[in-house]
>>> print(open('data04.cif').read())   # mmCIF, C-alpha atoms
data_protein
#
loop_
_atom_site.label_atom_id
_atom_site.label_comp_id
_atom_site.auth_asym_id
_atom_site.auth_seq_id
_atom_site.Cartn_x
_atom_site.Cartn_y
_atom_site.Cartn_z
CA MET A 1 0.00 0.00 0.00
CA THR A 2 1.34 3.40 -0.97
CA LYS A 3 1.44 5.73 2.01
CA SER A 4 2.52 9.01 0.47
CA ILE A 5 3.09 10.72 -2.85
CA GLU A 6 6.84 10.53 -2.22
CA GLU A 7 6.55 6.78 -1.83
CA TYR A 8 4.54 6.51 -5.06
CA LEU A 9 7.23 8.48 -6.89
CA GLU A 10 9.90 6.17 -5.48
CA GLN A 11 7.98 3.12 -6.67
CA LEU A 12 7.43 4.68 -10.08
CA LYS A 13 11.15 5.39 -10.33
CA THR A 14 11.91 1.75 -9.53
CA GLU A 15 9.39 0.56 -12.12
CA LEU A 16 10.89 2.83 -14.76
CA GLN A 17 14.42 1.55 -14.15
CA GLY A 18 16.16 0.91 -17.44
CA SER A 19 14.08 3.49 -19.30
CA ASP A 20 15.57 6.62 -20.73
CA THR A 21 16.61 8.95 -17.87
CA ALA A 22 14.83 11.87 -19.51
CA THR A 23 11.59 9.86 -19.70
CA ILE A 24 11.92 9.01 -16.02
CA GLN A 25 12.28 12.65 -15.10
CA ASP A 26 9.21 13.59 -17.18
CA ALA A 27 7.15 10.77 -15.71
CA LEU A 28 8.02 11.76 -12.14
CA SER A 29 7.17 15.42 -12.74
CA ASP A 30 3.85 14.49 -14.38
CA ALA A 31 2.91 12.16 -11.55
CA GLU A 32 3.83 14.64 -8.86
CA GLU A 33 1.89 17.48 -10.49
CA HIS A 34 -1.17 15.30 -10.99
CA LEU A 35 -1.20 13.51 -7.65
CA ARG A 36 -0.77 16.67 -5.60
CA ALA A 37 -3.57 18.46 -7.47
CA ALA A 38 -5.84 15.42 -7.30
CA LEU A 39 -5.17 14.79 -3.64
CA ALA A 40 -5.89 18.40 -2.67
CA ASN A 41 -9.09 18.22 -4.70
CA GLN A 42 -10.17 14.93 -3.18
CA ARG A 43 -9.56 16.18 0.35
CA GLU A 44 -11.69 19.22 -0.37
CA ALA A 45 -14.52 17.19 -1.90
CA GLN A 46 -14.57 14.58 0.86
CA PRO A 47 -13.13 16.08 4.03
CA GLU A 48 -14.45 13.16 6.08
CA ILE A 49 -12.09 10.53 4.67
CA SER A 50 -8.54 10.16 5.88
CA GLU A 51 -5.57 11.34 3.82
CA GLN A 52 -4.55 7.72 3.31
CA GLU A 53 -7.96 6.79 1.85
CA ALA A 54 -7.99 9.89 -0.34
CA LEU A 55 -4.56 8.99 -1.69
CA GLU A 56 -5.70 5.45 -2.43
CA GLN A 57 -8.63 6.74 -4.46
CA VAL A 58 -6.44 9.17 -6.32
CA ILE A 59 -3.91 6.46 -7.19
CA GLU A 60 -6.74 4.13 -8.21
CA HIS A 61 -7.65 6.69 -10.88
CA TYR A 62 -4.13 7.60 -11.84
CA GLY A 63 -2.90 4.04 -12.13
CA SER A 64 -0.44 1.98 -10.10
CA PRO A 65 3.28 2.70 -10.51
CA SER A 66 3.65 -0.30 -12.81
CA GLU A 67 0.67 0.70 -14.97
CA THR A 68 1.99 4.25 -15.29
CA ALA A 69 5.50 3.03 -16.07
CA SER A 70 4.25 0.75 -18.82
CA ALA A 71 2.21 3.61 -20.36
CA TYR A 72 5.37 5.73 -20.64
CA ALA A 73 7.43 2.85 -21.97
CA GLU A 74 4.74 2.14 -24.58
CA VAL A 75 4.56 5.71 -25.90
CA GLU A 76 8.32 6.15 -25.73
CA ARG A 77 8.74 3.11 -27.95
CA ARG A 78 6.49 4.65 -30.57
CA THR A 79 7.99 8.14 -30.51
CA VAL A 80 11.73 8.39 -30.89
CA PRO A 81 13.31 11.88 -30.98
CA GLN A 82 12.90 13.15 -34.51
CA LEU A 83 16.55 13.33 -35.50
CA THR A 84 17.37 9.74 -34.58
CA ARG A 85 14.76 8.19 -36.84
CA GLU A 86 16.63 7.72 -40.09
CA THR A 87 19.88 5.87 -40.27
CA PRO A 88 20.77 5.43 -43.94
CA LYS A 89 22.74 2.28 -44.65
CA SER A 90 24.76 1.63 -47.80
CA THR A 91 28.35 1.09 -48.94
CA SER A 92 31.18 2.70 -47.00
CA LEU A 93 31.70 5.44 -49.60
CA GLY A 94 27.95 5.99 -49.77
CA ASN A 95 27.94 6.13 -45.98
CA PHE A 96 30.68 8.71 -46.02
CA PHE A 97 28.79 11.05 -48.34
CA SER A 98 25.33 10.27 -47.00
CA VAL A 99 26.26 12.55 -44.11
CA TYR A 100 24.83 15.39 -46.23
CA THR A 101 21.35 13.91 -45.92
CA ASP A 102 21.69 13.23 -42.20
CA ALA A 103 19.86 15.86 -40.16
CA ARG A 104 22.00 14.98 -37.14
CA ALA A 105 25.18 16.09 -38.91
CA TRP A 106 23.69 19.45 -39.87
CA GLY A 107 22.25 19.78 -36.38
CA ALA A 108 25.67 19.08 -34.90
CA LEU A 109 27.25 21.73 -37.12
CA LEU A 110 24.69 24.30 -36.06
CA TYR A 111 25.17 23.26 -32.45
CA MET A 112 28.94 23.79 -32.74
CA LEU A 113 28.28 27.38 -33.83
CA ILE A 114 25.64 28.08 -31.21
CA ALA A 115 27.72 26.48 -28.44
CA PHE A 116 30.19 29.33 -28.78
CA VAL A 117 27.55 31.94 -27.98
CA THR A 118 25.75 29.94 -25.29
CA GLY A 119 29.12 28.87 -23.82
CA VAL A 120 30.22 32.46 -23.32
CA PHE A 121 26.85 33.33 -21.83
CA TYR A 122 26.75 30.31 -19.48
CA PHE A 123 30.27 30.95 -18.30
CA THR A 124 29.61 34.63 -17.59
CA TRP A 125 26.35 33.78 -15.84
CA ALA A 126 27.85 31.01 -13.70
CA VAL A 127 30.93 32.95 -12.67
CA THR A 128 29.04 36.17 -11.96
CA GLY A 129 26.23 34.41 -10.15
CA PHE A 130 28.51 32.24 -8.08
CA SER A 131 30.92 34.97 -7.04
CA LEU A 132 28.12 37.41 -6.25
CA SER A 133 26.32 34.74 -4.21
CA VAL A 134 29.47 34.11 -2.18
CA SER A 135 30.36 37.76 -1.69
CA VAL A 136 26.89 39.01 -0.74
CA ALA A 137 26.39 36.04 1.57
CA LEU A 138 27.63 38.36 4.31
CA PHE A 139 24.54 40.50 3.94
CA ILE A 140 20.95 39.72 4.69
CA PHE A 141 19.96 39.46 1.03
CA GLY A 142 22.85 37.13 0.20
CA LEU A 143 20.93 33.89 0.65
CA PRO A 144 17.87 34.82 -1.44
CA PHE A 145 20.32 35.86 -4.11
CA ALA A 146 21.98 32.45 -4.01
CA LEU A 147 18.56 30.79 -4.29
CA LEU A 148 17.74 32.85 -7.37
CA PHE A 149 21.09 31.93 -8.88
CA PHE A 150 20.57 28.19 -8.27
CA LEU A 151 17.07 28.36 -9.74
CA SER A 152 18.40 30.15 -12.81
CA VAL A 153 20.98 27.38 -13.22
CA ARG A 154 18.18 24.80 -13.23
CA GLY A 155 16.29 26.81 -15.83
CA LEU A 156 19.33 27.16 -18.07
CA ALA A 157 20.05 23.44 -17.74
CA LEU A 158 16.55 22.69 -19.02
CA LEU A 159 16.99 25.15 -21.88
CA GLU A 160 20.32 23.60 -22.84
CA GLY A 161 18.59 20.22 -22.76
CA ARG A 162 16.00 21.39 -25.28
CA LEU A 163 18.81 22.69 -27.51
CA VAL A 164 20.69 19.38 -27.24
CA GLU A 165 17.59 17.35 -28.07
CA GLY A 166 16.60 19.61 -30.95
CA LEU A 167 20.00 19.77 -32.61
CA LEU A 168 21.81 16.62 -31.52
CA GLY A 169 18.81 14.29 -31.31
CA VAL A 170 19.59 13.07 -27.80
CA ARG A 171 16.45 12.67 -25.70
CA MET A 172 16.46 15.19 -22.84
CA PRO A 173 13.87 16.11 -20.20
CA ARG A 174 10.95 18.17 -21.40
CA ARG A 175 9.91 19.29 -17.97
CA PRO A 176 11.71 21.02 -15.17
CA LEU A 177 12.58 19.00 -12.13
CA PHE A 178 10.81 20.12 -9.05
CA THR A 179 10.76 19.16 -5.47
CA GLN A 180 8.51 19.47 -2.49
CA GLN A 181 6.60 22.71 -2.72
CA ASN A 182 5.76 23.36 0.89
CA LEU A 183 9.41 23.98 1.71
CA LYS A 184 10.46 27.28 3.19
CA TRP A 185 12.81 29.13 0.87
CA LEU A 186 15.75 28.54 3.17
CA ASP A 187 15.15 24.78 3.08
CA ARG A 188 14.75 24.97 -0.65
CA LEU A 189 18.09 26.73 -0.90
CA LYS A 190 19.66 24.04 1.25
CA GLU A 191 18.15 21.32 -0.87
CA LEU A 192 19.37 22.90 -4.10
CA ALA A 193 22.82 23.43 -2.65
CA MET A 194 23.02 19.79 -1.50
CA ASP A 195 21.86 18.48 -4.88
CA ARG A 196 24.60 17.05 -7.07
CA HIS A 197 22.55 18.04 -10.09
CA THR A 198 22.91 21.78 -9.38
CA TRP A 199 26.69 21.57 -9.17
CA PHE A 200 26.98 19.41 -12.24
CA SER A 201 24.90 21.96 -14.14
CA ILE A 202 27.21 24.76 -13.01
CA LEU A 203 30.22 22.67 -14.01
CA TYR A 204 28.62 22.05 -17.40
CA MET A 205 28.14 25.79 -17.84
CA LEU A 206 31.86 26.34 -17.21
CA ILE A 207 32.99 23.47 -19.45
CA GLN A 208 30.68 24.66 -22.22
CA PHE A 209 32.76 27.83 -22.53
CA VAL A 210 35.90 25.86 -23.34
CA LEU A 211 34.14 23.34 -25.57
CA GLY A 212 32.13 26.05 -27.32
CA THR A 213 35.31 27.93 -28.17
CA ILE A 214 37.06 24.79 -29.41
CA TYR A 215 34.07 23.78 -31.53
CA PHE A 216 33.84 27.24 -33.02
CA VAL A 217 37.55 27.45 -33.85
CA ILE A 218 37.53 23.98 -35.44
CA PHE A 219 34.41 24.82 -37.42
CA VAL A 220 35.75 28.08 -38.81
CA THR A 221 39.20 26.64 -39.54
CA VAL A 222 37.90 23.61 -41.41
CA LEU A 223 35.34 25.67 -43.31
CA SER A 224 37.91 28.21 -44.49
CA PHE A 225 40.44 25.49 -45.40
CA SER A 226 37.90 23.53 -47.43
CA LEU A 227 36.53 26.61 -49.13
CA SER A 228 40.00 27.91 -50.03
CA PHE A 229 40.93 24.55 -51.58
CA ILE A 230 37.75 24.56 -53.63
CA ALA A 231 38.11 28.22 -54.57
CA THR A 232 41.79 28.10 -55.59
CA PRO A 233 41.26 26.97 -59.23
CA PHE A 234 38.55 29.60 -59.76
CA ILE A 235 40.61 32.41 -58.30
CA GLN A 236 43.62 31.45 -60.41
CA GLU A 237 41.65 31.11 -63.62
CA ILE A 238 39.21 33.99 -63.30
CA PHE A 239 41.25 36.62 -61.47
CA GLY A 240 44.72 35.43 -62.37
CA TYR A 241 45.95 35.50 -58.78
CA GLY A 242 48.42 33.01 -57.42
CA VAL A 243 46.95 31.88 -54.18
CA VAL A 244 50.14 31.00 -52.31
CA MET A 245 52.43 33.92 -51.64
CA ASN A 246 55.89 33.72 -50.09
CA ASN A 247 58.45 36.58 -49.96
CA ASN A 248 56.37 38.58 -52.41
CA ILE A 249 56.51 35.83 -54.98
CA ARG A 250 53.17 34.37 -56.04
CA TYR A 251 53.01 30.66 -56.66
CA TYR A 252 50.46 29.07 -58.95
CA PHE A 253 49.03 25.61 -58.77
CA PRO A 254 49.37 23.72 -62.06
CA THR A 255 46.17 23.18 -64.03
CA TRP A 256 46.28 19.41 -63.63
CA SER A 257 45.97 19.79 -59.88
CA TYR A 258 42.61 21.62 -60.08
CA PRO A 259 40.42 18.51 -59.81
CA LEU A 260 42.57 17.32 -56.93
CA LEU A 261 42.20 20.63 -55.12
CA ILE A 262 38.43 20.67 -55.51
CA PHE A 263 38.14 17.04 -54.56
CA GLY A 264 40.44 17.63 -51.59
CA GLY A 265 38.29 20.53 -50.38
CA VAL A 266 35.05 18.58 -50.68
CA PHE A 267 36.59 15.49 -49.09
CA PHE A 268 37.99 17.49 -46.19
CA TRP A 269 34.62 19.11 -45.51
CA THR A 270 32.72 15.83 -45.80
CA ALA A 271 35.14 14.17 -43.41
CA PHE A 272 34.61 17.02 -41.01
CA MET A 273 30.84 16.63 -41.18
CA ASN A 274 31.21 12.98 -40.27
CA ILE A 275 33.41 13.92 -37.36
CA ALA A 276 31.02 16.70 -36.31
CA ARG A 277 28.18 14.18 -36.14
CA GLY A 278 30.30 12.05 -33.83
CA ILE A 279 31.26 15.04 -31.69
CA GLY A 280 27.58 15.95 -31.48
CA GLN A 281 26.68 12.49 -30.21
CA LEU A 282 29.48 12.57 -27.65
CA HIS A 283 28.49 16.03 -26.51
CA GLY A 284 24.87 14.92 -26.20
CA ARG A 285 25.92 12.01 -24.04
CA MET A 286 27.97 14.29 -21.83
CA ALA A 287 25.11 16.79 -21.53
CA LYS A 288 22.77 13.99 -20.60
CA SER A 289 25.00 12.60 -17.90
CA MET A 290 25.60 16.04 -16.39
CA LEU A 291 22.22 17.74 -16.76
CA VAL A 292 19.81 14.86 -16.11
CA THR A 293 19.47 13.39 -12.66
CA ASP A 294 19.38 9.65 -12.39
CA MET B 1 -6.85 -22.37 -20.99
CA VAL B 2 -7.83 -18.93 -22.31
CA ASP B 3 -6.88 -16.06 -20.05
CA SER B 4 -9.89 -13.92 -20.82
CA PRO B 5 -9.36 -11.01 -18.38
CA THR B 6 -5.78 -10.50 -19.54
CA LEU B 7 -6.81 -10.60 -23.17
CA THR B 8 -9.62 -8.15 -22.49
CA LYS B 9 -7.21 -5.83 -20.76
CA LYS B 10 -4.82 -6.07 -23.67
CA PHE B 11 -7.64 -5.39 -26.12
CA GLN B 12 -8.67 -2.29 -24.16
CA LYS B 13 -5.08 -1.06 -24.08
CA GLU B 14 -4.60 -1.49 -27.81
CA LEU B 15 -7.88 0.26 -28.49
CA ASN B 16 -6.91 3.16 -26.24
CA ALA B 17 -3.59 3.74 -27.96
CA GLY B 18 -4.98 5.73 -30.88
CA ILE B 19 -8.20 6.94 -29.32
CA ALA B 20 -6.41 8.73 -26.47
CA SER B 21 -4.67 11.01 -28.98
CA LEU B 22 -7.95 11.79 -30.73
CA VAL B 23 -9.79 12.50 -27.48
CA LEU B 24 -7.05 14.68 -26.01
CA LEU B 25 -6.75 16.70 -29.18
CA SER B 26 -10.54 17.18 -29.33
CA VAL B 27 -10.79 18.26 -25.71
CA LEU B 28 -8.03 20.81 -26.14
CA ASN B 29 -9.64 22.02 -29.35
CA LYS B 30 -13.00 22.56 -27.66
CA ASN B 31 -11.50 24.48 -24.77
CA THR B 32 -10.18 27.80 -25.89
CA ARG B 33 -8.02 28.19 -22.82
CA PRO B 34 -4.88 26.10 -22.19
CA MET B 35 -5.47 23.23 -19.74
CA TYR B 36 -3.21 21.27 -17.40
CA GLY B 37 -3.15 17.52 -17.03
CA TYR B 38 -5.35 17.11 -13.99
CA GLN B 39 -7.97 19.45 -15.47
CA ILE B 40 -8.09 17.35 -18.64
CA ALA B 41 -8.32 14.13 -16.62
CA LYS B 42 -11.22 15.55 -14.58
CA LEU B 43 -13.06 16.57 -17.74
CA LEU B 44 -12.61 13.12 -19.27
CA GLU B 45 -13.90 11.59 -16.05
CA ASP B 46 -17.08 13.62 -16.50
CA TYR B 47 -17.46 12.32 -20.04
CA SER B 48 -16.85 8.67 -19.19
CA GLY B 49 -19.19 8.58 -16.22
CA ASP B 50 -18.65 5.49 -14.08
CA ALA B 51 -16.73 3.51 -16.65
CA SER B 52 -13.04 4.36 -16.66
CA PHE B 53 -11.46 3.52 -19.98
CA MET B 54 -7.92 4.38 -19.16
CA LYS B 55 -5.84 5.35 -16.20
CA GLN B 56 -5.17 9.05 -15.88
CA GLY B 57 -1.44 8.43 -15.67
CA GLY B 58 -1.54 7.13 -19.22
CA LEU B 59 -2.69 10.52 -20.55
CA TYR B 60 0.58 12.29 -19.85
CA PRO B 61 2.88 10.32 -22.14
CA VAL B 62 0.30 10.78 -24.92
CA LEU B 63 0.31 14.54 -24.28
CA HIS B 64 4.12 14.52 -24.53
CA ALA B 65 3.97 12.58 -27.77
CA LEU B 66 1.41 14.98 -29.27
CA GLU B 67 3.55 17.92 -28.23
CA ASN B 68 6.61 16.30 -29.71
CA GLY B 69 4.75 15.92 -32.99
CA GLY B 70 3.91 19.62 -33.02
CA LEU B 71 0.16 19.14 -32.53
CA LEU B 72 0.19 20.66 -29.06
CA GLU B 73 2.33 23.21 -27.34
CA SER B 74 2.78 23.72 -23.65
CA LYS B 75 4.11 26.09 -21.08
CA VAL B 76 4.86 25.70 -17.40
CA GLU B 77 3.27 28.10 -14.97
CA PRO B 78 3.61 28.27 -11.23
CA SER B 79 0.54 27.38 -9.21
CA VAL B 80 -0.59 28.82 -5.92
CA SER B 81 -0.59 25.44 -4.25
CA GLY B 82 1.75 22.65 -5.20
CA PRO B 83 4.21 22.17 -8.03
CA PRO B 84 4.16 24.26 -11.21
CA ARG B 85 1.69 23.07 -13.81
CA ARG B 86 2.19 22.35 -17.48
CA TYR B 87 -0.58 23.91 -19.56
CA TYR B 88 -1.32 22.40 -22.96
CA GLU B 89 -2.78 24.18 -25.96
CA ILE B 90 -3.59 22.94 -29.47
CA THR B 91 -1.56 24.35 -32.39
CA SER B 92 -2.90 25.22 -35.83
CA GLU B 93 -1.28 22.02 -37.18
CA GLY B 94 -3.10 20.23 -34.38
CA ARG B 95 -6.44 21.63 -35.54
CA GLU B 96 -5.82 20.56 -39.13
CA THR B 97 -4.76 17.11 -38.02
CA LEU B 98 -7.79 16.80 -35.78
CA VAL B 99 -10.15 17.39 -38.74
CA ALA B 100 -8.48 14.52 -40.59
CA TRP B 101 -8.60 12.29 -37.50
CA GLN B 102 -12.26 13.02 -36.88
CA GLY B 103 -12.97 11.98 -40.46
CA ILE B 104 -11.12 8.70 -39.95
CA TRP B 105 -12.93 8.12 -36.66
CA LYS B 106 -16.36 8.62 -38.23
CA GLN B 107 -15.62 6.14 -41.02
CA MET B 108 -14.10 3.70 -38.55
CA LYS B 109 -17.04 3.99 -36.18
CA SER B 110 -19.69 3.31 -38.79
CA PHE B 111 -17.62 0.46 -40.22
CA VAL B 112 -17.19 -1.18 -36.81
CA ASP B 113 -20.82 -0.61 -35.89
CA ARG B 114 -21.96 -2.32 -39.07
CA ALA B 115 -19.49 -5.14 -38.63
CA ILE B 116 -20.37 -6.04 -35.04
CA LYS B 117 -24.13 -5.63 -35.32
#
>>> encode(input="data04.cif", output="structure tokens")
Amino acid sequence: MTKSIEEYLEQLKTELQGSDTATIQDALSDAEEHLRAALANQREAQPEISEQEALEQVIEHYGSPSETASAYAEVERRTVPQLTRETPKSTSLGNFFSVYTDARAWGALLYMLIAFVTGVFYFTWAVTGFSLSVSVALFIFGLPFALLFFLSVRGLALLEGRLVEGLLGVRMPRRPLFTQQNLKWLDRLKELAMDRHTWFSILYMLIQFVLGTIYFVIFVTVLSFSLSFIATPFIQEIFGYGVVMNNNIRYYFPTWSYPLLIFGGVFFWTAFMNIARGIGQLHGRMAKSMLVTD
Amino acid sequence: MVDSPTLTKKFQKELNAGIASLVLLSVLNKNTRPMYGYQIAKLLEDYSGDASFMKQGGLYPVLHALENGGLLESKVEPSVSGPPRRYYEITSEGRETLVAWQGIWKQMKSFVDRAIK
């Protein structure tokens, strides 16, 4: 017999073991939202019954932990994140070039660009928030400030999760994680500060700055290299410029090397897109392990 | 030995799989204001009367799936008592899809009615 909503959530978590962590987090948030609302409603409608009886009725309608878990597992099986659906299979050369039709590769490229901007923002936010929280802790408003900072970290972690799922195709939570609501703000602060998840999110925000910069630099470097290889024959033929210059002497590539240059540029870029897809998957896995609680 | 209750349960579950999407979409289409999960569940309870066709907990994953498909959108808002609530609202794609689904349902219904009579 389930004695409290917390116990129900624990049982649901056990039932969902082995499912996607993001699904688990969504299922727990849904159940908590529903059960609390339903229980309050039930108590109001029938004040004469005990809390235990009211909870039993509510759970009877909502479904036992195992019923609920199987409903999530069922739907999750039918709906995979959009980007992971297609996996084209063909020869190895076909595989190599099929990266152009793979939405995950383009998503990863876009993510590598965006990560630079978000990385700088996260880093600034985390460092400013953390140092201000520590330094104003001496004053009376220091603790509420820290609470606001921790809450903002949770919000940004959710946002980053949506970005990761949208662009990298890794399933991430769709709902924020929340905890007992009747807590006083000081207890809430304590709970957030004790939660591993908060600190991992802050760490992620710091790491994202470094990774975002690296991704961006690699992206721009590879793009300009590939484009200059491809463009060399055109620049030489149309504008008559030698592309390589050393000690004021211009060097020209021989005409026979043009196809090689163009092929080299295309090959280099295609190889990079394959690598970017891999980086995207790795990054998604890292984001999942740091931003999603287990 | 035929395990009739289990088979009946399985039948009900399979039947619910598609219908839940249709019903949820219709309910959210009829209500102009966004609704949260418990509100929707209460409303469905009113429709079904004493018979309960599916557990309320099973509605949420369907809502997520519909949102994921772009037929619904949702936003989280704090509530006065208890955890923040997720409010769901139908999108214009959702409305278009619903028209098609209602058409399928009507055909299906008359076909099944004729077949089982």
>>> atom_distance(input="data04.cif", atom1="atom CA of Phe97 of chain A", atom2="atom CA of His283 of chain A")
22.4 Å
>>> resolve_selection(input="data04.cif", expression="the PyMOL selection byres ((chain A and resi 7) around 12)", output="PyMOL selection string")
chain A and resi 1-6+8-14+28+31-32+35+55+59+64-65
>>> resolve_selection(input="data04.cif", expression="the PyMOL selection byres ((chain B) within 6 of (chain A))", output="JSON, numbers by chain")
{"B": [38, 55, 56, 57, 58, 61, 82, 83]}
>>> residues_around(input="data04.cif", residues="Thr198 of chain A", least_positions_apart="2", cutoff="10 Å", atoms="only C-alpha atoms", output="list in words")
Phe150, Leu151, Val153, Arg154, Ala157, Glu191, Leu192, Ala193, Met194, Asp195, Arg196, Phe200, Ser201, Ile202, Leu203, Tyr204, Met290, Leu291 and Thr293 of chain A
>>> residues_around(input="data04.cif", residues="segment 87-99 of chain B", least_positions_apart="4", cutoff="12 Å", atoms="only C-alpha atoms", output="PyMOL selection string")
(chain A and resi 30+33+175) or (chain B and resi 19+21-40+60+62-64+66-79+103-106)
>>> write_last_selection(input="data04.cif", atoms="C-alpha atoms", output="CSV table (one decimal), in the frame of the given file")
chain,number,residue,atom,x,y,z
A,30,ASP,CA,3.8,14.5,-14.4
A,33,GLU,CA,1.9,17.5,-10.5
A,175,ARG,CA,9.9,19.3,-18.0
B,19,ILE,CA,-8.2,6.9,-29.3
B,21,SER,CA,-4.7,11.0,-29.0
B,22,LEU,CA,-8.0,11.8,-30.7
B,23,VAL,CA,-9.8,12.5,-27.5
B,24,LEU,CA,-7.0,14.7,-26.0
B,25,LEU,CA,-6.8,16.7,-29.2
B,26,SER,CA,-10.5,17.2,-29.3
B,27,VAL,CA,-10.8,18.3,-25.7
B,28,LEU,CA,-8.0,20.8,-26.1
B,29,ASN,CA,-9.6,22.0,-29.4
B,30,LYS,CA,-13.0,22.6,-27.7
B,31,ASN,CA,-11.5,24.5,-24.8
B,32,THR,CA,-10.2,27.8,-25.9
B,33,ARG,CA,-8.0,28.2,-22.8
B,34,PRO,CA,-4.9,26.1,-22.2
B,35,MET,CA,-5.5,23.2,-19.7
B,36,TYR,CA,-3.2,21.3,-17.4
B,37,GLY,CA,-3.2,17.5,-17.0
B,38,TYR,CA,-5.4,17.1,-14.0
B,39,GLN,CA,-8.0,19.4,-15.5
B,40,ILE,CA,-8.1,17.4,-18.6
B,60,TYR,CA,0.6,12.3,-19.8
B,62,VAL,CA,0.3,10.8,-24.9
B,63,LEU,CA,0.3,14.5,-24.3
B,64,HIS,CA,4.1,14.5,-24.5
B,66,LEU,CA,1.4,15.0,-29.3
B,67,GLU,CA,3.6,17.9,-28.2
B,68,ASN,CA,6.6,16.3,-29.7
B,69,GLY,CA,4.8,15.9,-33.0
B,70,GLY,CA,3.9,19.6,-33.0
B,71,LEU,CA,0.2,19.1,-32.5
B,72,LEU,CA,0.2,20.7,-29.1
B,73,GLU,CA,2.3,23.2,-27.3
B,74,SER,CA,2.8,23.7,-23.6
B,75,LYS,CA,4.1,26.1,-21.1
B,76,VAL,CA,4.9,25.7,-17.4
B,77,GLU,CA,3.3,28.1,-15.0
B,78,PRO,CA,3.6,28.3,-11.2
B,79,SER,CA,0.5,27.4,-9.2
B,103,GLY,CA,-13.0,12.0,-40.5
B,104,ILE,CA,-11.1,8.7,-40.0
B,105,TRP,CA,-12.9,8.1,-36.7
B,106,LYS,CA,-16.4,8.6,-38.2
>>> atom_distance(input="data04.cif", atom1="atom CA of Phe229 of chain A", atom2="atom CA of Gly265 of chain A")
5.0 Å
>>> residues_around(input="data04.cif", residues="Ile275 of chain A", least_positions_apart="4", cutoff="12 Å", atoms="only C-alpha atoms", output="short mmCIF file (atom, residue, chain, number, x, y, z; two decimals) with C-alpha atoms, keeping the file's coordinate frame")
data_model
loop_
_atom_site.label_atom_id
_atom_site.label_comp_id
_atom_site.auth_asym_id
_atom_site.auth_seq_id
_atom_site.Cartn_x
_atom_site.Cartn_y
_atom_site.Cartn_z
CA PHE A 96 30.68 8.71 -46.02
CA VAL A 99 26.26 12.55 -44.11
CA ARG A 104 22.00 14.98 -37.14
CA ALA A 105 25.18 16.09 -38.91
CA TRP A 106 23.69 19.45 -39.87
CA ALA A 108 25.67 19.08 -34.90
CA LEU A 109 27.25 21.73 -37.12
CA MET A 112 28.94 23.79 -32.74
CA TYR A 215 34.07 23.78 -31.53
CA ILE A 218 37.53 23.98 -35.44
CA PHE A 219 34.41 24.82 -37.42
CA VAL A 222 37.90 23.61 -41.41
CA PHE A 268 37.99 17.49 -46.19
CA TRP A 269 34.62 19.11 -45.51
CA THR A 270 32.72 15.83 -45.80
CA ALA A 271 35.14 14.17 -43.41
CA ILE A 279 31.26 15.04 -31.69
CA GLY A 280 27.58 15.95 -31.48
CA GLN A 281 26.68 12.49 -30.21
CA LEU A 282 29.48 12.57 -27.65
#
>>> axis_aligned_box(input="data04.cif", around="segment 70-78 of chain B", padding_each_side="5 Å", output="AutoDock Vina command-line options")
--center_x 2.5 --center_y 23.7 --center_z -22.1 --size_x 14.7 --size_y 19.1 --size_z 31.8
>>> residues_around(input="data04.cif", residues="segment 3-11 of chain B", least_positions_apart="2", cutoff="12 Å", atoms="all atoms listed in the file", output="CSV table (one decimal) with C-alpha atoms, in the frame of the given file")
chain,number,residue,atom,x,y,z
A,67,GLU,CA,0.7,0.7,-15.0
B,1,MET,CA,-6.8,-22.4,-21.0
B,13,LYS,CA,-5.1,-1.1,-24.1
B,14,GLU,CA,-4.6,-1.5,-27.8
B,15,LEU,CA,-7.9,0.3,-28.5
B,16,ASN,CA,-6.9,3.2,-26.2
B,17,ALA,CA,-3.6,3.7,-28.0
B,53,PHE,CA,-11.5,3.5,-20.0
B,54,MET,CA,-7.9,4.4,-19.2
>>> resolve_selection(input="data04.cif", expression="the PyMOL selection byres ((chain A and resi 210) around 12)", output="PyMOL selection string")
chain A and resi 112+115-123+203-209+211-217
>>> atom_distance(input="data04.cif", atom1="atom CA of Gly240 of chain A", atom2="atom CA of Val220 of chain A")
26.3 Å
>>> closest_residue(input="data04.cif", among="A:Gly264, A:Gly169, A:Gly242, A:Pro233", to="Ala287 of chain A", atoms="all atoms listed in the file")
A:Gly169
>>> residues_around(input="data04.cif", residues="Phe145 of chain A", least_positions_apart="5", cutoff="12 Å", atoms="all atoms listed in the file", output="list in words")
Thr128, Gly129, Phe130, Ser131, Leu132, Ser133, Val134, Ser135, Val136, Ala137, Leu138, Phe139, Ile140, Phe150, Leu151, Ser152, Trp185, Leu186 and Leu189 of chain A
>>> decode(input="data04.cif", residues="segment 105-109 of chain B", atoms="N, CA and C atoms", output="CSV table (one decimal), in the first residue's frame")
chain,number,residue,atom,x,y,z
B,105,TRP,N,-12.2,8.7,-37.8
B,105,TRP,CA,-12.9,8.1,-36.7
B,105,TRP,C,-14.4,7.8,-37.1
B,106,LYS,N,-15.0,8.8,-37.8
B,106,LYS,CA,-16.4,8.6,-38.2
B,106,LYS,C,-16.5,7.4,-39.1
B,107,GLN,N,-15.6,7.3,-40.1
B,107,GLN,CA,-15.6,6.1,-41.0
B,107,GLN,C,-15.4,4.8,-40.2
B,108,MET,N,-14.4,4.9,-39.3
B,108,MET,CA,-14.1,3.7,-38.5
B,108,MET,C,-15.3,3.3,-37.7
B,109,LYS,N,-15.9,4.3,-37.1
B,109,LYS,CA,-17.0,4.0,-36.2
B,109,LYS,C,-18.2,3.3,-36.9
